[in-house]
file query-v5.pdb (PDB, C-alpha atoms and all ligand atoms)
ATOM      1  CA  MET T   1    -118.985  22.955  76.629
ATOM      2  CA  ILE T   2    -116.726  25.971  76.998
ATOM      3  CA  ALA T   3    -113.092  24.966  77.453
ATOM      4  CA  GLY T   4    -110.026  27.143  77.950
ATOM      5  CA  ASN T   5    -106.631  25.791  76.911
ATOM      6  CA  TRP T   6    -103.925  27.681  78.753
ATOM      7  CA  LYS T   7    -101.135  25.985  76.762
ATOM      8  CA  MET T   8     -97.716  26.756  78.323
ATOM      9  CA  HIS T   9     -98.952  29.668  80.401
ATOM     10  CA  MET T  10     -99.668  30.182  84.105
ATOM     11  CA  THR T  11     -97.614  29.383  87.158
ATOM     12  CA  CYS T  12     -99.392  28.049  90.257
ATOM     13  CA  ALA T  13     -99.519  31.559  91.719
ATOM     14  CA  GLN T  14    -101.051  32.927  88.527
ATOM     15  CA  ALA T  15    -103.572  30.079  88.372
ATOM     16  CA  LYS T  16    -104.719  30.930  91.900
ATOM     17  CA  GLN T  17    -105.129  34.602  91.037
ATOM     18  CA  TYR T  18    -106.996  33.655  87.891
ATOM     19  CA  ALA T  19    -109.449  31.438  89.788
ATOM     20  CA  ALA T  20    -110.103  34.207  92.319
ATOM     21  CA  ALA T  21    -110.995  36.642  89.523
ATOM     22  CA  PHE T  22    -112.837  34.133  87.320
ATOM     23  CA  LEU T  23    -115.068  32.167  89.693
ATOM     24  CA  PRO T  24    -117.279  35.030  90.900
ATOM     25  CA  GLN T  25    -117.963  35.907  87.255
ATOM     26  CA  VAL T  26    -119.214  32.422  86.359
ATOM     27  CA  ALA T  27    -120.921  31.565  89.635
ATOM     28  CA  ASN T  28    -124.301  32.320  88.045
ATOM     29  CA  ALA T  29    -123.571  30.969  84.572
ATOM     30  CA  PRO T  30    -126.571  29.093  83.134
ATOM     31  CA  LYS T  31    -126.535  25.371  83.937
ATOM     32  CA  ASP T  32    -126.907  24.405  80.268
ATOM     33  CA  ARG T  33    -123.132  24.606  79.790
ATOM     34  CA  SER T  34    -120.054  23.102  81.315
ATOM     35  CA  ILE T  35    -116.930  25.173  81.860
ATOM     36  CA  VAL T  36    -113.526  23.530  81.687
ATOM     37  CA  LEU T  37    -109.960  24.812  82.111
ATOM     38  CA  ALA T  38    -106.848  23.039  80.821
ATOM     39  CA  PRO T  39    -103.850  24.319  82.800
ATOM     40  CA  PRO T  40    -100.289  23.050  82.426
ATOM     41  CA  PHE T  41     -99.686  19.861  84.458
ATOM     42  CA  THR T  42     -97.803  21.794  87.146
ATOM     43  CA  ALA T  43    -100.824  23.981  87.964
ATOM     44  CA  ILE T  44    -103.489  21.242  88.003
ATOM     45  CA  SER T  45    -103.342  20.577  91.710
ATOM     46  CA  THR T  46    -103.341  24.248  92.732
ATOM     47  CA  LEU T  47    -106.148  25.044  90.322
ATOM     48  CA  GLN T  48    -108.201  22.088  91.520
ATOM     49  CA  GLU T  49    -108.015  23.430  95.084
ATOM     50  CA  ALA T  50    -108.844  26.930  93.943
ATOM     51  CA  LEU T  51    -111.899  25.684  92.005
ATOM     52  CA  ALA T  52    -113.277  23.622  94.902
ATOM     53  CA  GLY T  53    -116.974  24.236  95.416
ATOM     54  CA  SER T  54    -117.467  25.529  91.860
ATOM     55  CA  ASP T  55    -118.753  23.673  88.785
ATOM     56  CA  VAL T  56    -115.627  24.467  86.759
ATOM     57  CA  GLN T  57    -113.839  21.284  85.709
ATOM     58  CA  ILE T  58    -110.268  20.515  84.712
ATOM     59  CA  ALA T  59    -108.816  19.056  81.539
ATOM     60  CA  SER T  60    -105.219  18.041  80.985
ATOM     61  CA  GLN T  61    -103.357  19.112  77.862
ATOM     62  CA  ASN T  62    -102.122  15.593  77.116
ATOM     63  CA  VAL T  63    -102.072  11.989  78.341
ATOM     64  CA  HIS T  64     -99.929   8.954  77.540
ATOM     65  CA  TRP T  65    -101.393   5.629  76.460
ATOM     66  CA  GLU T  66     -99.354   3.486  78.846
ATOM     67  CA  ALA T  67    -100.300   3.235  82.515
ATOM     68  CA  SER T  68     -96.696   3.743  83.622
ATOM     69  CA  GLY T  69     -93.158   3.145  82.420
ATOM     70  CA  ALA T  70     -90.043   4.694  80.925
ATOM     71  CA  PHE T  71     -91.684   7.586  79.074
ATOM     72  CA  THR T  72     -89.801  10.696  80.109
ATOM     73  CA  GLY T  73     -91.919  13.812  79.969
ATOM     74  CA  GLU T  74     -95.242  11.976  79.655
ATOM     75  CA  ILE T  75     -98.132  11.621  82.094
ATOM     76  CA  SER T  76    -100.609   8.792  82.681
ATOM     77  CA  ALA T  77    -104.383   8.818  82.959
ATOM     78  CA  GLU T  78    -104.164   7.488  86.507
ATOM     79  CA  MET T  79    -101.984  10.436  87.578
ATOM     80  CA  LEU T  80    -104.531  12.829  86.133
ATOM     81  CA  LEU T  81    -107.534  11.057  87.609
ATOM     82  CA  GLU T  82    -105.922  11.223  91.038
ATOM     83  CA  LEU T  83    -105.994  15.021  90.720
ATOM     84  CA  GLY T  84    -109.651  15.091  89.714
ATOM     85  CA  VAL T  85    -109.079  15.745  86.016
ATOM     86  CA  GLY T  86    -112.111  14.871  83.883
ATOM     87  CA  TYR T  87    -111.032  15.599  80.308
ATOM     88  CA  THR T  88    -107.871  15.456  78.258
ATOM     89  CA  ILE T  89    -106.944  17.266  75.047
ATOM     90  CA  VAL T  90    -105.470  14.962  72.395
ATOM     91  CA  GLY T  91    -104.390  15.695  68.852
ATOM     92  CA  HIS T  92    -104.005  19.441  69.259
ATOM     93  CA  SER T  93    -102.337  20.956  66.188
ATOM     94  CA  GLU T  94     -99.339  22.136  68.242
ATOM     95  CA  PRO T  95     -98.089  18.652  69.261
ATOM     96  CA  ARG T  96     -99.092  17.418  65.786
ATOM     97  CA  LYS T  97     -96.798  20.087  64.317
ATOM     98  CA  TYR T  98     -93.953  20.438  66.833
ATOM     99  CA  PHE T  99     -93.679  16.794  67.916
ATOM    100  CA  SER T 100     -94.923  15.166  64.702
ATOM    101  CA  GLU T 101     -97.719  13.343  66.513
ATOM    102  CA  SER T 102     -99.414  10.875  64.218
ATOM    103  CA  ASP T 103    -103.101  10.002  64.018
ATOM    104  CA  GLU T 104    -102.152   6.576  65.352
ATOM    105  CA  GLN T 105    -100.479   7.994  68.474
ATOM    106  CA  ILE T 106    -103.389  10.373  68.973
ATOM    107  CA  ASN T 107    -105.765   7.429  68.723
ATOM    108  CA  GLN T 108    -103.752   5.552  71.344
ATOM    109  CA  ARG T 109    -103.929   8.537  73.671
ATOM    110  CA  ALA T 110    -107.677   8.861  73.135
ATOM    111  CA  ARG T 111    -108.328   5.151  73.663
ATOM    112  CA  ALA T 112    -106.250   4.906  76.805
ATOM    113  CA  SER T 113    -107.812   7.990  78.318
ATOM    114  CA  GLN T 114    -111.315   6.748  77.588
ATOM    115  CA  ALA T 115    -110.543   3.308  78.970
ATOM    116  CA  ALA T 116    -109.293   4.915  82.182
ATOM    117  CA  GLY T 117    -112.368   7.144  82.550
ATOM    118  CA  LEU T 118    -111.164  10.459  81.116
ATOM    119  CA  ILE T 119    -113.115  12.105  78.310
ATOM    120  CA  PRO T 120    -110.829  12.857  75.366
ATOM    121  CA  ILE T 121    -111.202  16.141  73.498
ATOM    122  CA  LEU T 122    -109.900  15.175  70.068
ATOM    123  CA  CYS T 123    -108.739  18.151  67.998
ATOM    124  CA  VAL T 124    -108.848  18.063  64.224
ATOM    125  CA  GLY T 125    -108.283  20.734  61.609
ATOM    126  CA  GLU T 126    -106.761  21.616  58.269
ATOM    127  CA  SER T 127    -103.851  23.941  57.491
ATOM    128  CA  ASP T 128    -104.088  27.040  55.340
ATOM    129  CA  GLU T 129    -102.443  25.214  52.474
ATOM    130  CA  GLN T 130    -104.747  22.199  52.736
ATOM    131  CA  ARG T 131    -107.755  24.507  52.684
ATOM    132  CA  SER T 132    -106.482  26.382  49.620
ATOM    133  CA  ASN T 133    -105.892  23.065  47.865
ATOM    134  CA  GLY T 134    -109.455  21.947  48.532
ATOM    135  CA  GLU T 135    -108.309  19.195  50.900
ATOM    136  CA  THR T 136    -110.214  20.276  54.018
ATOM    137  CA  GLU T 137    -112.809  17.482  53.980
ATOM    138  CA  ARG T 138    -110.315  14.758  53.125
ATOM    139  CA  VAL T 139    -107.834  15.796  55.840
ATOM    140  CA  ILE T 140    -110.426  16.117  58.573
ATOM    141  CA  ARG T 141    -112.161  12.920  57.618
ATOM    142  CA  ARG T 142    -108.856  11.073  57.903
ATOM    143  CA  GLN T 143    -108.096  12.667  61.286
ATOM    144  CA  VAL T 144    -111.566  11.765  62.533
ATOM    145  CA  GLU T 145    -111.548   8.196  61.244
ATOM    146  CA  GLN T 146    -108.023   7.329  62.355
ATOM    147  CA  GLY T 147    -108.156   9.315  65.583
ATOM    148  CA  LEU T 148    -111.421   7.736  66.664
ATOM    149  CA  GLU T 149    -110.852   4.098  65.817
ATOM    150  CA  GLY T 150    -112.242   2.010  68.680
ATOM    151  CA  ILE T 151    -113.563   5.082  70.521
ATOM    152  CA  ASP T 152    -116.979   5.327  72.182
ATOM    153  CA  PRO T 153    -118.518   8.547  70.773
ATOM    154  CA  SER T 154    -120.784   8.971  73.796
ATOM    155  CA  LYS T 155    -117.738   9.726  75.981
ATOM    156  CA  LEU T 156    -115.968  12.029  73.612
ATOM    157  CA  VAL T 157    -115.640  15.642  72.523
ATOM    158  CA  VAL T 158    -114.348  16.564  69.064
ATOM    159  CA  ALA T 159    -112.915  20.050  68.539
ATOM    160  CA  TYR T 160    -112.780  21.396  64.990
ATOM    161  CA  GLU T 161    -109.826  23.771  64.990
ATOM    162  CA  PRO T 162    -108.717  25.039  61.590
ATOM    163  CA  ILE T 163    -104.977  25.551  62.059
ATOM    164  CA  TRP T 164    -104.977  28.854  60.180
ATOM    165  CA  ALA T 165    -107.439  30.253  62.742
ATOM    166  CA  ILE T 166    -105.449  29.267  65.845
ATOM    167  CA  GLY T 167    -103.773  32.219  67.542
ATOM    168  CA  THR T 168    -104.028  34.287  64.373
ATOM    169  CA  GLY T 169    -107.076  36.428  65.091
ATOM    170  CA  LYS T 170    -108.608  34.991  61.881
ATOM    171  CA  THR T 171    -111.790  33.243  62.959
ATOM    172  CA  CYS T 172    -113.387  30.787  60.617
ATOM    173  CA  GLU T 173    -116.748  32.206  59.484
ATOM    174  CA  SER T 174    -119.389  30.754  61.780
ATOM    175  CA  GLU T 175    -121.314  29.367  58.793
ATOM    176  CA  GLU T 176    -118.254  27.485  57.542
ATOM    177  CA  ALA T 177    -117.291  26.286  61.039
ATOM    178  CA  ASN T 178    -120.809  24.970  61.423
ATOM    179  CA  ARG T 179    -120.673  23.218  58.058
ATOM    180  CA  VAL T 180    -117.469  21.348  58.974
ATOM    181  CA  CYS T 181    -118.791  20.484  62.439
ATOM    182  CA  GLY T 182    -121.874  19.029  60.731
ATOM    183  CA  LEU T 183    -119.679  16.900  58.469
ATOM    184  CA  ILE T 184    -117.766  15.630  61.510
ATOM    185  CA  ARG T 185    -121.054  14.694  63.198
ATOM    186  CA  ASN T 186    -122.041  12.687  60.117
ATOM    187  CA  TRP T 187    -118.671  10.967  59.798
ATOM    188  CA  VAL T 188    -118.678   9.976  63.470
ATOM    189  CA  GLY T 189    -122.282   8.833  63.057
ATOM    190  CA  TYR T 190    -123.372   9.786  66.565
ATOM    191  CA  PRO T 191    -125.976  12.581  66.554
ATOM    192  CA  ASN T 192    -125.414  13.552  70.197
ATOM    193  CA  LEU T 193    -121.662  14.002  69.811
ATOM    194  CA  THR T 194    -120.336  17.145  71.518
ATOM    195  CA  ILE T 195    -118.491  19.206  68.899
ATOM    196  CA  GLN T 196    -116.509  22.329  69.661
ATOM    197  CA  TYR T 197    -115.134  24.995  67.384
ATOM    198  CA  GLY T 198    -111.691  26.430  68.191
ATOM    199  CA  GLY T 199    -109.524  29.133  66.634
ATOM    200  CA  SER T 200    -109.519  32.793  67.713
ATOM    201  CA  VAL T 201    -112.722  32.516  69.720
ATOM    202  CA  LYS T 202    -113.269  35.845  71.481
ATOM    203  CA  PRO T 203    -115.939  37.628  73.529
ATOM    204  CA  GLY T 204    -116.963  39.339  70.286
ATOM    205  CA  ASN T 205    -117.727  36.195  68.270
ATOM    206  CA  ILE T 206    -118.847  33.676  70.897
ATOM    207  CA  ASP T 207    -122.578  34.426  70.759
ATOM    208  CA  GLU T 208    -122.690  34.011  66.992
ATOM    209  CA  LEU T 209    -120.691  30.767  67.080
ATOM    210  CA  MET T 210    -122.813  29.235  69.834
ATOM    211  CA  ALA T 211    -125.991  30.052  67.895
ATOM    212  CA  LYS T 212    -124.977  27.549  65.202
ATOM    213  CA  SER T 213    -126.750  24.214  65.109
ATOM    214  CA  ASP T 214    -123.704  21.941  64.991
ATOM    215  CA  ILE T 215    -121.443  23.911  67.362
ATOM    216  CA  ASP T 216    -121.932  22.653  70.919
ATOM    217  CA  GLY T 217    -119.031  24.476  72.484
ATOM    218  CA  VAL T 218    -115.674  26.125  71.973
ATOM    219  CA  LEU T 219    -112.037  25.450  72.737
ATOM    220  CA  VAL T 220    -110.353  28.742  73.531
ATOM    221  CA  GLY T 221    -106.632  29.497  73.684
ATOM    222  CA  GLY T 222    -105.532  33.135  73.929
ATOM    223  CA  ALA T 223    -108.839  34.550  75.160
ATOM    224  CA  SER T 224    -108.959  32.024  78.017
ATOM    225  CA  LEU T 225    -105.864  33.552  79.627
ATOM    226  CA  GLU T 226    -107.760  36.638  80.776
ATOM    227  CA  PRO T 227    -110.378  35.824  83.422
ATOM    228  CA  ASP T 228    -112.670  38.626  82.237
ATOM    229  CA  SER T 229    -112.670  37.610  78.597
ATOM    230  CA  PHE T 230    -113.035  33.903  79.333
ATOM    231  CA  ALA T 231    -115.868  34.676  81.754
ATOM    232  CA  ARG T 232    -117.657  36.584  78.996
ATOM    233  CA  ILE T 233    -117.179  33.595  76.693
ATOM    234  CA  ALA T 234    -118.446  31.173  79.357
ATOM    235  CA  ASN T 235    -121.458  33.453  79.901
ATOM    236  CA  TYR T 236    -122.248  33.481  76.183
ATOM    237  CA  GLU T 237    -125.704  34.659  75.353
ATOM    238  CA  VAL T 238    -128.110  32.350  73.666
ATOM    239  CA  VAL T 239    -129.300  34.026  70.498
ATOM    240  CA  THR T 240    -131.827  32.401  68.239
ATOM    241  CA  ALA T 241    -130.811  31.600  64.684
ATOM    242  CA  ALA T 242    -133.281  34.229  63.445
ATOM    243  CA  ALA T 243    -131.774  36.955  65.648
ATOM    244  CA  ALA T 244    -128.229  35.987  64.613
ATOM    245  CA  ALA T 245    -129.055  36.176  60.890
TER     246      ALA T 245
HETATM  247  P1  LIG U 301    -106.691  30.447  70.069
HETATM  248  O1  LIG U 301    -106.253  28.905  70.284
HETATM  249  O2  LIG U 301    -108.027  30.617  70.732
HETATM  250  O3  LIG U 301    -105.609  31.247  70.735
HETATM  251  O4  LIG U 301    -106.783  30.667  68.604
HETATM  252  C1  LIG U 301    -107.181  27.869  70.167
HETATM  253  C2  LIG U 301    -106.549  26.539  70.499
HETATM  254  O5  LIG U 301    -105.356  26.337  70.189
HETATM  255  O6  LIG U 301    -107.221  25.649  71.052
END

call {"tool": "encode", "arguments": {"input": "query-v5.pdb", "output": "structure tokens"}}
result
Amino acid sequence: MIAGNWKMHMTCAQAKQYAAAFLPQVANAPKDRSIVLAPPFTAISTLQEALAGSDVQIASQNVHWEASGAFTGEISAEMLLELGVGYTIVGHSEPRKYFSESDEQINQRARASQAAGLIPILCVGESDEQRSNGETERVIRRQVEQGLEGIDPSKLVVAYEPIWAIGTGKTCESEEANRVCGLIRNWVGYPNLTIQYGGSVKPGNIDELMAKSDIDGVLVGGASLEPDSFARIANYEVVTAAAAA
């Protein structure tokens, strides 16, 4: 599953232009992959129209756990479902950092979205400091266990996104990314779990990442903003482990 997170980028007009440039490039993408775009809320409707007739799906960048109410700035699962959204990103390191989102809140978002019929994409990952202190496994295990309490793993995506690799150009070595994704699979205890890697994924490293046994997809920030580069990522080439070595 190849997902592009536009973050706080793209007006409606830009989203339309993007779709016009992107869709022809993925029209013949192999059917073994799903392609997802996560625009800002304001561009969901326009993008949905522009993607009509294609297999490209839409994710939201957040969801609230309540169905409605006095929650200024939040959005409900029902509002997203009405627009044809299928997935929602929860627990991204940016809201964890800038809005101090807790594992408990992230869990509430994931549970509510799943209950409503959206598939949560739960992001987990360690900081540079946590990695240097040898805390990677402990931190991610906590994020996985607390974030996924009460969650059905068959309707879930987990994205391993080491914070130090996000937007920095420093990709986690594919071997190490694969190792952590494997640990996550074990901790969740569901062999068919869809696990993505995220953090400076680019056209130049996608084939190697996707060749890894425990990496089932990627969550892409910066490189998803350019239709050509995201199309190259979505059209990743399947290389065998032997060829990649
Ligand atoms: P990046 O962002 O690809 O720009 O590193 C990844 C993400 O935040 O999901």

call {"tool": "residues_near_point", "arguments": {"input": "query-v5.pdb", "point": "(-108.1, 10.2, 83.9)", "cutoff": "7 Å", "atoms": "only C-alpha atoms", "output": "PDB file with C-alpha atoms, in the frame of the given file"}}
result
ATOM      1  CA  ALA T  77    -104.383   8.818  82.959  1.00  0.00           C
ATOM      2  CA  GLU T  78    -104.164   7.488  86.507  1.00  0.00           C
ATOM      3  CA  LEU T  80    -104.531  12.829  86.133  1.00  0.00           C
ATOM      4  CA  LEU T  81    -107.534  11.057  87.609  1.00  0.00           C
ATOM      5  CA  VAL T  85    -109.079  15.745  86.016  1.00  0.00           C
ATOM      6  CA  GLY T  86    -112.111  14.871  83.883  1.00  0.00           C
ATOM      7  CA  SER T 113    -107.812   7.990  78.318  1.00  0.00           C
ATOM      8  CA  ALA T 116    -109.293   4.915  82.182  1.00  0.00           C
ATOM      9  CA  GLY T 117    -112.368   7.144  82.550  1.00  0.00           C
ATOM     10  CA  LEU T 118    -111.164  10.459  81.116  1.00  0.00           C
TER      11      LEU T 118
END

call {"tool": "closest_residue", "arguments": {"input": "query-v5.pdb", "among": "T:Gly198, T:Gly150, T:Pro39, T:Pro30", "to": "Glu173 of chain T", "atoms": "only C-alpha atoms"}}
result
T:Gly198

call {"tool": "axis_aligned_box", "arguments": {"input": "query-v5.pdb", "around": "ligand LIG 301 (chain U)", "padding_each_side": "8 Å", "output": "AutoDock Vina command-line options"}}
result
--center_x -106.7 --center_y 28.4 --center_z 69.8 --size_x 18.7 --size_y 21.6 --size_z 18.4

call {"tool": "resolve_selection", "arguments": {"input": "query-v5.pdb", "expression": "the PyMOL selection byres (((chain T and resi 143) around 12) and not hetatm)", "output": "number ranges by chain"}}
result
T: 90-93, 96, 101-107, 122-126, 136-142, 144-149, 158-161, 184, 187-188

call {"tool": "residues_near_ligand", "arguments": {"input": "query-v5.pdb", "ligand": "ligand LIG 301 (chain U)", "cutoff": "9 Å", "atoms": "all atoms listed in the file", "output": "PDB file with C-alpha atoms, in the frame of the given file"}}
result
ATOM      1  CA  ALA T   3    -113.092  24.966  77.453  1.00  0.00           C
ATOM      2  CA  GLY T   4    -110.026  27.143  77.950  1.00  0.00           C
ATOM      3  CA  ASN T   5    -106.631  25.791  76.911  1.00  0.00           C
ATOM      4  CA  TRP T   6    -103.925  27.681  78.753  1.00  0.00           C
ATOM      5  CA  LYS T   7    -101.135  25.985  76.762  1.00  0.00           C
ATOM      6  CA  HIS T  92    -104.005  19.441  69.259  1.00  0.00           C
ATOM      7  CA  SER T  93    -102.337  20.956  66.188  1.00  0.00           C
ATOM      8  CA  GLU T  94     -99.339  22.136  68.242  1.00  0.00           C
ATOM      9  CA  CYS T 123    -108.739  18.151  67.998  1.00  0.00           C
ATOM     10  CA  ALA T 159    -112.915  20.050  68.539  1.00  0.00           C
ATOM     11  CA  GLU T 161    -109.826  23.771  64.990  1.00  0.00           C
ATOM     12  CA  ILE T 163    -104.977  25.551  62.059  1.00  0.00           C
ATOM     13  CA  TRP T 164    -104.977  28.854  60.180  1.00  0.00           C
ATOM     14  CA  ALA T 165    -107.439  30.253  62.742  1.00  0.00           C
ATOM     15  CA  ILE T 166    -105.449  29.267  65.845  1.00  0.00           C
ATOM     16  CA  GLY T 167    -103.773  32.219  67.542  1.00  0.00           C
ATOM     17  CA  THR T 168    -104.028  34.287  64.373  1.00  0.00           C
ATOM     18  CA  GLY T 169    -107.076  36.428  65.091  1.00  0.00           C
ATOM     19  CA  LYS T 170    -108.608  34.991  61.881  1.00  0.00           C
ATOM     20  CA  THR T 171    -111.790  33.243  62.959  1.00  0.00           C
ATOM     21  CA  TYR T 197    -115.134  24.995  67.384  1.00  0.00           C
ATOM     22  CA  GLY T 198    -111.691  26.430  68.191  1.00  0.00           C
ATOM     23  CA  GLY T 199    -109.524  29.133  66.634  1.00  0.00           C
ATOM     24  CA  SER T 200    -109.519  32.793  67.713  1.00  0.00           C
ATOM     25  CA  VAL T 201    -112.722  32.516  69.720  1.00  0.00           C
ATOM     26  CA  LYS T 202    -113.269  35.845  71.481  1.00  0.00           C
ATOM     27  CA  VAL T 218    -115.674  26.125  71.973  1.00  0.00           C
ATOM     28  CA  LEU T 219    -112.037  25.450  72.737  1.00  0.00           C
ATOM     29  CA  VAL T 220    -110.353  28.742  73.531  1.00  0.00           C
ATOM     30  CA  GLY T 221    -106.632  29.497  73.684  1.00  0.00           C
ATOM     31  CA  GLY T 222    -105.532  33.135  73.929  1.00  0.00           C
ATOM     32  CA  ALA T 223    -108.839  34.550  75.160  1.00  0.00           C
ATOM     33  CA  SER T 224    -108.959  32.024  78.017  1.00  0.00           C
TER      34      SER T 224
END

call {"tool": "residues_near_point", "arguments": {"input": "query-v5.pdb", "point": "(-121.4, 35.8, 75.9)", "cutoff": "9 Å", "atoms": "all atoms listed in the file", "output": "number ranges by chain"}}
result
T: 203-207, 231-238

call {"tool": "closest_residue", "arguments": {"input": "query-v5.pdb", "among": "T:Gln130, T:Gln114, T:Asn28, T:Ser174", "to": "Asp55 of chain T", "atoms": "all atoms listed in the file"}}
result
T:Asn28

call {"tool": "atom_distance", "arguments": {"input": "query-v5.pdb", "atom1": "atom CA of Asp128 of chain T", "atom2": "atom CA of Gln61 of chain T"}}
result
23.9 Å

call {"tool": "closest_residue", "arguments": {"input": "query-v5.pdb", "among": "T:Met79, T:Leu47, T:Ala110, T:Val239", "to": "Leu23 of chain T", "atoms": "all atoms listed in the file"}}
result
T:Leu47

call {"tool": "residues_around", "arguments": {"input": "query-v5.pdb", "residues": "Ser76 of chain T", "least_positions_apart": "5", "cutoff": "9 Å", "atoms": "only C-alpha atoms", "output": "PyMOL selection string"}}
result
chain T and resi 62-68+81+113

call {"tool": "closest_residue", "arguments": {"input": "query-v5.pdb", "among": "T:Gln196, T:Gln17, T:Thr72, T:Thr11", "to": "Leu156 of chain T", "atoms": "all atoms listed in the file"}}
result
T:Gln196

call {"tool": "resolve_selection", "arguments": {"input": "query-v5.pdb", "expression": "the PyMOL selection byres (((chain T and resi 16) around 10) and not hetatm)", "output": "tab-separated table (two decimals) with C-alpha atoms, in the coordinates of the input"}}
result
chain	number	residue	atom	x	y	z
T	10	MET	CA	-99.67	30.18	84.10
T	11	THR	CA	-97.61	29.38	87.16
T	12	CYS	CA	-99.39	28.05	90.26
T	13	ALA	CA	-99.52	31.56	91.72
T	14	GLN	CA	-101.05	32.93	88.53
T	15	ALA	CA	-103.57	30.08	88.37
T	17	GLN	CA	-105.13	34.60	91.04
T	18	TYR	CA	-107.00	33.66	87.89
T	19	ALA	CA	-109.45	31.44	89.79
T	20	ALA	CA	-110.10	34.21	92.32
T	21	ALA	CA	-111.00	36.64	89.52
T	22	PHE	CA	-112.84	34.13	87.32
T	43	ALA	CA	-100.82	23.98	87.96
T	46	THR	CA	-103.34	24.25	92.73
T	47	LEU	CA	-106.15	25.04	90.32
T	48	GLN	CA	-108.20	22.09	91.52
T	49	GLU	CA	-108.02	23.43	95.08
T	50	ALA	CA	-108.84	26.93	93.94
T	51	LEU	CA	-111.90	25.68	92.00
